[in-house]
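Here the structure is laid out as structure tokens; the discussion comes afterwards.
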Amino acid sequence: MSKDFYKTLGLESGASSDEIKKAYRKLAMKYHPDQNKDNPEAEAKFKEISEAYEILKDEQKRAAYDRYGAAAFDGSMGGGPGGPGGMGGMGGMGGAGAFSDIFEDMFGDFMGGRGPGGAQRGSDVQYTLELTMEEAFKGKEAQIKIPLADTCDQCKGSGAKDGSTAGRCSTCDGAGRVRQQQGFFTIERTCPTCQGQGNIITDPCTKCGGEGRLKKEKTLKVKIPAGVDTGRRIRLTGEGEAGTQGGPKGDLYVLLAIKPHKLFKRDGANLFCRVPITVTKASLGGEMQVPTIEGKVTKVKIPAGTQTGQQFRLKGKGMTVLGNDARGDMYIEAFVETPVNLDKKQQDLMKKLDKDFEDDTSGKHSPEASGFFGKMKDFWDDLKD
């Protein structure tokens, strides 16, 4: 069953960011393992609500979830390491990452927050790329443009003006964190002077203002293999946001979404196509031409007496199977269409045919109708007895 992250937090789908955080804070306090040491169910519940919060608190991940559901973060569908929890800065399903967000709000990084000083790794980024079903069938090399915080080309990411260097923070002595005694407790929090960097830039770069990064539109090429499906993620290592103070870049995760097709519906590697056929062709049999996903046309033999819903299998005419040269199958579903807008001559022919059918009491022309009316007669007879 698909996970409903909103329901997990007791929220409606249109909940605001503040409502999401408030709901998580309340549930996290209630189910935190430290408060329920002898209750394994509480630990499982805590992980569940932390997973929901981890997705919904991030605008990009929330947008992907709203559109594609939990399947967008299902590691079994491929891509980067297993689900959001394997996506570096984008995950942490165990609850610690999400729970530290709440504690930072309440106690200033108590039991959480950034590590000591210096360079910080850049954030991972997720980008949704839409493909047509034909592109998913063939594969392609796509070009994407995405706004990212990239390394400043003037200071090379150091944040310092050319010729100057950063000095050690005197408040935390380069540790990036400070400790404060409050009664029986010692609380450790991010250094307010250097913001956890461990050093102070006294002469910042004039282009990036000491950040070491600039917002840029980056153009990247992504190789899409044939046979991909919605929910597949492709990881581009080191193509995420630049780190601070010359730290390493994060990763870029390209989430694939296949657009609905006008003719075909997809189920794994198989394709389904509903094709209307005339009453005469369904009755007499014959051939019809149907399209295939590679843009060709193939012939399908229709046997006499074909009924609506009857399927015909075209072996090897489905989608490409990811990772090899095999293909799925295509299934043609017949839909017998009742004729409309008949002229008088056509109506007379239909009336004659209808009369012939009525005069035939054997039921050989319409076995299902004959069987139904026979059962109906028995039903009425039973009511009379």
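To be explicit about the labels: the chains of the structure tokens are called A, B, and onward in the order shown, and within each one the residues are counted from 1, while ligands get numbers from 1 in the order they are shown.
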
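Those residues that approach segment 159-161 of chain A to within 10 Å, counting only C-alpha atoms, are Thr151, Cys152, Gln154, Cys155, Lys156, Ser164, Thr165, Ala166, Ile200, Ile201, Thr202, Asp203, Pro204, Cys205, Thr206, Lys207, Cys208, Gly209, Gly210, Glu211, Gly212, Arg213, Thr244, Gln245 and Gly246 of chain A; same-chain residues fewer than 3 positions away are not listed.
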
message: Residues within 8 Å of Val336 of chain A, please, as an NGL selection string. Count only C-alpha atoms; anything in the same chain fewer than 4 positions from it doesn't count.
response: :A and (276-279 or 282 or 307-308)

task: May I have the residues within 6 Å of segment 310-318 of chain A as a ChimeraX atom specification, using only C-alpha atoms and disregarding those fewer than 2 positions away in the same chain?
output: /A:270-271,307-308,327-334

Who sits within 7 Å of segment 15-28 of chain A, only C-alpha atoms, same chain under 4 positions skipped, as a VMD selection string: chain A and resid 9 11 32 46 49 53 57 102

- request: Find the residues around segment 350-355 of chain A up to 12 Å (only C-alpha atoms counted), leave out those fewer than 4 positions away in its own chain, and share them as JSON, numbers by chain.
  value: {"A": [279, 280, 338, 339, 340, 342, 343, 344, 345, 346, 359, 360, 361, 365, 366]}

Create the file for the chosen residues now, containing N, CA and C atoms and written as a PDB file, in the first residue's frame.
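again-v9.pdb was written with the following content:
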```
ATOM      1  N   VAL A 279     -18.659  -3.059 -36.164  1.00  0.00           N
ATOM      2  CA  VAL A 279     -19.484  -4.230 -35.889  1.00  0.00           C
ATOM      3  C   VAL A 279     -19.293  -5.283 -36.980  1.00  0.00           C
ATOM      4  N   THR A 280     -19.194  -4.830 -38.224  1.00  0.00           N
ATOM      5  CA  THR A 280     -19.035  -5.781 -39.332  1.00  0.00           C
ATOM      6  C   THR A 280     -17.702  -6.514 -39.257  1.00  0.00           C
ATOM      7  N   THR A 338     -20.590   0.592 -31.822  1.00  0.00           N
ATOM      8  CA  THR A 338     -21.931   0.591 -32.409  1.00  0.00           C
ATOM      9  C   THR A 338     -22.028   1.714 -33.439  1.00  0.00           C
ATOM     10  N   PRO A 339     -22.482   1.437 -34.649  1.00  0.00           N
ATOM     11  CA  PRO A 339     -22.550   2.485 -35.673  1.00  0.00           C
ATOM     12  C   PRO A 339     -23.606   3.553 -35.337  1.00  0.00           C
ATOM     13  N   VAL A 340     -23.325   4.787 -35.720  1.00  0.00           N
ATOM     14  CA  VAL A 340     -24.239   5.913 -35.489  1.00  0.00           C
ATOM     15  C   VAL A 340     -24.467   6.651 -36.813  1.00  0.00           C
ATOM     16  N   LEU A 342     -26.791   6.468 -39.140  1.00  0.00           N
ATOM     17  CA  LEU A 342     -27.064   5.604 -40.290  1.00  0.00           C
ATOM     18  C   LEU A 342     -28.064   6.273 -41.255  1.00  0.00           C
ATOM     19  N   ASP A 343     -27.854   6.089 -42.557  1.00  0.00           N
ATOM     20  CA  ASP A 343     -28.853   6.572 -43.518  1.00  0.00           C
ATOM     21  C   ASP A 343     -29.960   5.516 -43.640  1.00  0.00           C
ATOM     22  N   LYS A 344     -30.992   5.803 -44.421  1.00  0.00           N
ATOM     23  CA  LYS A 344     -32.155   4.913 -44.485  1.00  0.00           C
ATOM     24  C   LYS A 344     -31.786   3.527 -45.006  1.00  0.00           C
ATOM     25  N   LYS A 345     -30.952   3.489 -46.023  1.00  0.00           N
ATOM     26  CA  LYS A 345     -30.554   2.204 -46.586  1.00  0.00           C
ATOM     27  C   LYS A 345     -29.845   1.355 -45.535  1.00  0.00           C
ATOM     28  N   GLN A 346     -28.958   1.996 -44.779  1.00  0.00           N
ATOM     29  CA  GLN A 346     -28.221   1.283 -43.750  1.00  0.00           C
ATOM     30  C   GLN A 346     -29.157   0.818 -42.627  1.00  0.00           C
ATOM     31  N   ASP A 359     -35.698 -14.089 -35.318  1.00  0.00           N
ATOM     32  CA  ASP A 359     -36.358 -15.313 -35.780  1.00  0.00           C
ATOM     33  C   ASP A 359     -35.560 -16.572 -35.455  1.00  0.00           C
ATOM     34  N   ASP A 360     -34.241 -16.380 -35.177  1.00  0.00           N
ATOM     35  CA  ASP A 360     -33.391 -17.529 -34.865  1.00  0.00           C
ATOM     36  C   ASP A 360     -33.500 -17.834 -33.371  1.00  0.00           C
ATOM     37  N   THR A 361     -34.103 -18.937 -33.046  1.00  0.00           N
ATOM     38  CA  THR A 361     -34.292 -19.302 -31.632  1.00  0.00           C
ATOM     39  C   THR A 361     -33.186 -20.197 -31.086  1.00  0.00           C
ATOM     40  N   HIS A 365     -26.251 -17.163 -32.972  1.00  0.00           N
ATOM     41  CA  HIS A 365     -25.668 -15.881 -33.372  1.00  0.00           C
ATOM     42  C   HIS A 365     -25.339 -15.006 -32.162  1.00  0.00           C
ATOM     43  N   SER A 366     -26.142 -15.097 -31.119  1.00  0.00           N
ATOM     44  CA  SER A 366     -25.926 -14.273 -29.912  1.00  0.00           C
ATOM     45  C   SER A 366     -26.029 -15.162 -28.686  1.00  0.00           C
TER      46      SER A 366
END
```

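Closest to Ala242 of chain A among A:Val178, A:Val125, A:Leu349, A:Met288 is A:Val125, based on only C-alpha atoms.
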
query: Looking at A:Asp124, A:Glu217, A:Asp348, A:Glu12, which one is nearest to Lys61 of chain A, with distances taken over only C-alpha atoms?
result: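 Nearest candidate to Lys61 of chain A out of A:Asp124, A:Glu217, A:Asp348, A:Glu12: A:Asp124.
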
field: Best match for closeness to Glu130 of chain A among A:Asp229, A:Glu294, A:Glu51, A:Asp34, counting only C-alpha atoms
entry: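 When distances to Glu130 of chain A are compared using only C-alpha atoms, the smallest one comes from A:Asp229.
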
- request: For segment 136-150 of chain A, work out the shell of residues within 8 Å, counting only C-alpha atoms and skipping chain neighbours fewer than 3 positions away, then give it as an MDAnalysis selection string.
  value: chainID A and resid 127 131:133 213:229 240:242 258 293:294 319:320

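Atom to atom, atom CA of Leu252 of chain A and atom CA of Asn199 of chain A stand 28.4 Å apart.
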